[in-house]
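Encoded as structure tokens, the structure appears first; notes follow it.
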Amino acid sequence: MKKGFIISLTLLCIAASNFTKPYPNYFPEPNYKLDFSSKTYDLIQLGRTLFYDPILSANNTISCASCHSPYNSFAHTDHAVSHGIHDSIGKRNAPALINLAWQKELMWDGASNHLDVQALAPITHPGEMAETIEHVIDKLQKSKLYRSLFKGAYGDTLINSQKMLKALTQFQLTLISDDSKYDKVRRNEDTFSIQEIKGYQLFLTHCNSCHTEPLFTNHKFKNNGLNIDSQSMDLGRFNITKIPKDSMKFKVPTLRNISYTFPYMHDGRFKKLRSVINHYVDDNKEYKYISKELKQNILLSSNEKTDLISFLVTLNDKNFIQNTENKFPRKILLQPRDISN
Amino acid sequence: MMIRCFVTLFAISFFSSYISGQSYIKIEPTFESKPLILDSTYSDQTRITSLRFYIGNIKLMKDTQIVFEQPSYQLMDAKFPETLKITVPKVSFNKIAFSLGIDSLTNNQGALTDDLDPQNGMYWTWQSGYINFKLEGEKVQPFTFHIGGHLKPFNAHRSIISTLSCNTIYLSIDSILRKTLTVSSKIMSPSKDAMRFANLLSTSFTTEL
């Protein structure tokens, strides 16, 4: 009797701990503490409001969502590289902001070492939001709306950069995409078609060493043989480490929500998924510093490419794209308010 | 009159710090063996417009024994002399250890506040990391030194140990510039040059003028 009670109590505890985890049990441990309980609700809503509010830019025209659209898995579809303030053209393709809790370094070259401080880069970049942190804080302090949102989130009306940045972090940590067909198959809620199974096998053989499941990235920096973009002369990871062998290394992006995030690569040079696959199959690459996984070309027939694509699109998470919880906070941002410069 | 006033003030401040059990260590930037004055043009045409740096992890020692330690960072700004003082308890010590710049662990902790607020202008926004030491000015041509970096092989954080006879540590800015301006006038990212500058800085703190 006693034993039975202990067993059921243990089971209950396991069930409860699984219940509180906001991600599937086949995901690894995240690098950030995830707490999406009622305690952090107001903080997440503050972060969400900041994310969608152009108040973060110098002339109040550009928000985070300008380049990280929720309809595109928080990437910038149909733009090879992103656009910023006064229609400036950037250097890189805005990456999808999903499953960030598992990333150690952010941005294509790993320039940011923590989600909190990542936001400083776009806010202050002259071609993105062109704002200063002091001025953003000043604008927020003068806003009645934000004084009340910060009070709700932190218990007092003091607004500083740490509180603003941590709120943005909390919102971005909620952007977990884990409900694709692939996920449903892993949870035995769905099954792959024969073509998808073939594609999955090809994926495991040729792609999984870098685009490692279940997050579909190993979070490492790799040189995949792209030749340097003659306009941007972007050397990727080398810009951060200054180590010659890091030249042209970029972070392996996740393949989740792949259909929503075209074009592909750090500079958005490939519009179609098939062009990406062709890049790995053809031999017109820069081989000098190419990663060891790609020293030999991947051999795929035309049919196999189609099979592979049929698997890759099972990584699209429509429920995530349609989730209204992470979209523009109408109720908060569409109320009349005072933005003063 | 002036002198008497100064002596009285000194006595009062000495007395009050004695009563409260507090004392301070002062970092004194110097130029031509005198306290540095910002925006003044020196005889060799040098003018310093900005000098800011982080000092932290203070340890006071009596011989080999640690008598006080404070694992936090203070932003020092030559423009505001009170920031150049570190408050310490009134204890007997003859050695001090401190670090110049922010250690790698702190550099990876996300958004921090107060002296470590990125709003202070001592944080690189395009690449995570604090600027440990900022020196700007001109000598015929403008010069800009933003020294920082926490990733190997360009970790610019330095630990310094010094024997103390009084509570002031001097940092000779003219000597740093003499040794640097012949090589470069602009360092603004973690690099070999920044490492060389950090090494030079770590040997530039002296206890005598």
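Letters A, B, ... mark the chains of the structure tokens in the order given; residue numbers begin at 1 per chain; ligand numbers begin at 1, in order shown.
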- Would you mind listing what lies within 7 Å of range 24-37 of chain B as a list in words, with only C-alpha atoms counted and same-chain residues fewer than 2 positions away left out?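 Listing them by chain and then by number gives Gln22, Asp39, Ser40, Leu84, Lys85, Ile86, Thr87, Val88, Asn167, Thr168, Ile169, Tyr170, Leu171, Ser172, Ile173, Asp174 and Leu209 of chain B.
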Counting only C-alpha atoms, which residues of chain B sit at most 6 Å from some atom of chain A, and what is each one's closest atom pair with its distance in Å to one decimal, listed by chain and rising residue number, as CSV?
residue,atom,partner,partner_atom,distance
B:Gly110,CA,A:Asp116,CA,5.1
B:Ala111,CA,A:Gln162,CA,5.1
B:Leu112,CA,A:Gln162,CA,5.7
B:Thr113,CA,A:Gln162,CA,5.9
B:Gln119,CA,A:Ile133,CA,5.7
B:Thr125,CA,A:Ala121,CA,4.8
B:Trp126,CA,A:Ala121,CA,4.9
B:Gln127,CA,A:Ala111,CA,4.6
B:Ser128,CA,A:Ser112,CA,4.9
Could those selected residues go to a file with C-alpha atoms, as a short mmCIF file (atom, residue, chain, number, x, y, z; two decimals), in the first residue's frame?
data_model
loop_
_atom_site.label_atom_id
_atom_site.label_comp_id
_atom_site.auth_asym_id
_atom_site.auth_seq_id
_atom_site.Cartn_x
_atom_site.Cartn_y
_atom_site.Cartn_z
CA GLY B 110 23.72 39.11 -20.15
CA ALA B 111 22.32 42.52 -19.30
CA LEU B 112 23.80 44.07 -16.13
CA THR B 113 23.13 47.38 -14.46
CA GLN B 119 24.16 52.57 -21.51
CA THR B 125 26.94 46.65 -29.13
CA TRP B 126 28.02 45.03 -32.41
CA GLN B 127 29.93 42.32 -30.56
CA SER B 128 29.14 41.35 -26.97
#
- Message: Need the shell around range 43-51 of chain B: protein/DNA/RNA residues with any atom at most 6 Å away, counting only C-alpha atoms. Skip same-chain ones fewer than 3 positions apart. Format as a ChimeraX atom specification?
- Response: /B:38-40,77-78,134-139
- Task: Any chance you could list, as a PyMOL selection string, the residues in chain B that come up alpha helix (DSSP H) when DSSP is run on the backbone?
- Result: chain B and resi 2-20+104-107+173-180+192-202
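For Asn224 in chain A, the list of residues within 9 Å, based on only C-alpha atoms and with local chain neighbours fewer than 4 positions off taken out, reads Met248, Lys249, Phe250, Tyr280, Lys285, Glu286, Tyr287, Tyr289, Ile290, Ser291, Glu293 and Leu294 of chain A.
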Would you write out those residues with N, CA and C atoms, as a PDB file, in the first residue's frame?
ATOM      1  N   MET A 248      34.792  32.964 -43.452  1.00  0.00           N
ATOM      2  CA  MET A 248      33.612  32.446 -44.163  1.00  0.00           C
ATOM      3  C   MET A 248      32.857  31.362 -43.394  1.00  0.00           C
ATOM      4  N   LYS A 249      33.085  31.292 -42.080  1.00  0.00           N
ATOM      5  CA  LYS A 249      32.248  30.395 -41.276  1.00  0.00           C
ATOM      6  C   LYS A 249      31.026  31.187 -40.816  1.00  0.00           C
ATOM      7  N   PHE A 250      29.869  30.552 -40.927  1.00  0.00           N
ATOM      8  CA  PHE A 250      28.630  31.159 -40.436  1.00  0.00           C
ATOM      9  C   PHE A 250      27.916  30.122 -39.585  1.00  0.00           C
ATOM     10  N   TYR A 280      25.060  21.987 -52.409  1.00  0.00           N
ATOM     11  CA  TYR A 280      25.808  20.919 -51.726  1.00  0.00           C
ATOM     12  C   TYR A 280      26.155  19.763 -52.667  1.00  0.00           C
ATOM     13  N   LYS A 285      32.316  24.879 -55.552  1.00  0.00           N
ATOM     14  CA  LYS A 285      32.399  25.507 -54.231  1.00  0.00           C
ATOM     15  C   LYS A 285      33.820  25.968 -53.949  1.00  0.00           C
ATOM     16  N   GLU A 286      33.949  26.800 -52.917  1.00  0.00           N
ATOM     17  CA  GLU A 286      35.270  27.171 -52.402  1.00  0.00           C
ATOM     18  C   GLU A 286      35.691  26.067 -51.435  1.00  0.00           C
ATOM     19  N   TYR A 287      36.725  25.301 -51.795  1.00  0.00           N
ATOM     20  CA  TYR A 287      37.067  24.135 -50.979  1.00  0.00           C
ATOM     21  C   TYR A 287      38.178  24.390 -49.970  1.00  0.00           C
ATOM     22  N   TYR A 289      38.784  26.257 -47.196  1.00  0.00           N
ATOM     23  CA  TYR A 289      38.532  26.150 -45.751  1.00  0.00           C
ATOM     24  C   TYR A 289      37.208  25.449 -45.468  1.00  0.00           C
ATOM     25  N   ILE A 290      36.689  24.706 -46.444  1.00  0.00           N
ATOM     26  CA  ILE A 290      35.367  24.101 -46.283  1.00  0.00           C
ATOM     27  C   ILE A 290      35.361  23.115 -45.104  1.00  0.00           C
ATOM     28  N   SER A 291      34.236  23.003 -44.425  1.00  0.00           N
ATOM     29  CA  SER A 291      34.181  22.130 -43.235  1.00  0.00           C
ATOM     30  C   SER A 291      34.368  20.671 -43.660  1.00  0.00           C
ATOM     31  N   GLU A 293      32.853  18.030 -43.082  1.00  0.00           N
ATOM     32  CA  GLU A 293      31.659  17.288 -43.483  1.00  0.00           C
ATOM     33  C   GLU A 293      31.348  17.468 -44.974  1.00  0.00           C
ATOM     34  N   LEU A 294      31.903  18.532 -45.564  1.00  0.00           N
ATOM     35  CA  LEU A 294      31.524  18.854 -46.949  1.00  0.00           C
ATOM     36  C   LEU A 294      32.689  18.717 -47.927  1.00  0.00           C
TER      37      LEU A 294
END
- Which residue, A:Leu50, A:Leu215, A:Ile89, A:Ala96, has the smallest gap to Phe27 in chain A when you use only C-alpha atoms?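 Of A:Leu50, A:Leu215, A:Ile89, A:Ala96, the one nearest Phe27 in chain A, counting only C-alpha atoms, is A:Leu215.
With CA of Ile147 in chain B on one side and CA of Thr106 in chain B on the other, the separation reads 16.4 Å.
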- Rounded to one decimal place, report the CA of Gln201 in chain A-CA of Tyr26 in chain A distance in Å. 19.0 Å
- Task: Find the residue from A:Thr49, A:Asn31, A:Thr261, A:Thr254 that sits nearest to Leu333 in chain A; use only C-alpha atoms when measuring.
- Result: A:Thr49
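Among the candidate residues B:Leu75, B:Ile161, B:Leu105, B:Ile55, the one lying nearest to Pro118 in chain B is B:Leu75, with distances computed using only C-alpha atoms.
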- Message: Excluding Gln70 in chain B and its own-chain neighbours fewer than 4 positions away, which residues fall within 7 Å of it when counting only C-alpha atoms? Please give them as a ChimeraX atom specification.
- Response: /B:57-59
- Item | Exercise: Met188 in chain B partners within 8 Å, only C-alpha atoms, chain neighbours under 2 positions left out, as a list in words | Thr144, Phe145, His146, Ile147, Lys186, Pro190 and Ala194 of chain B
- Message: From the options A:Arg237, A:Lys295, A:Lys331, A:Lys271, which residue's atoms come nearest to Lys222 in chain A, counting only C-alpha atoms?
- Response: A:Arg237
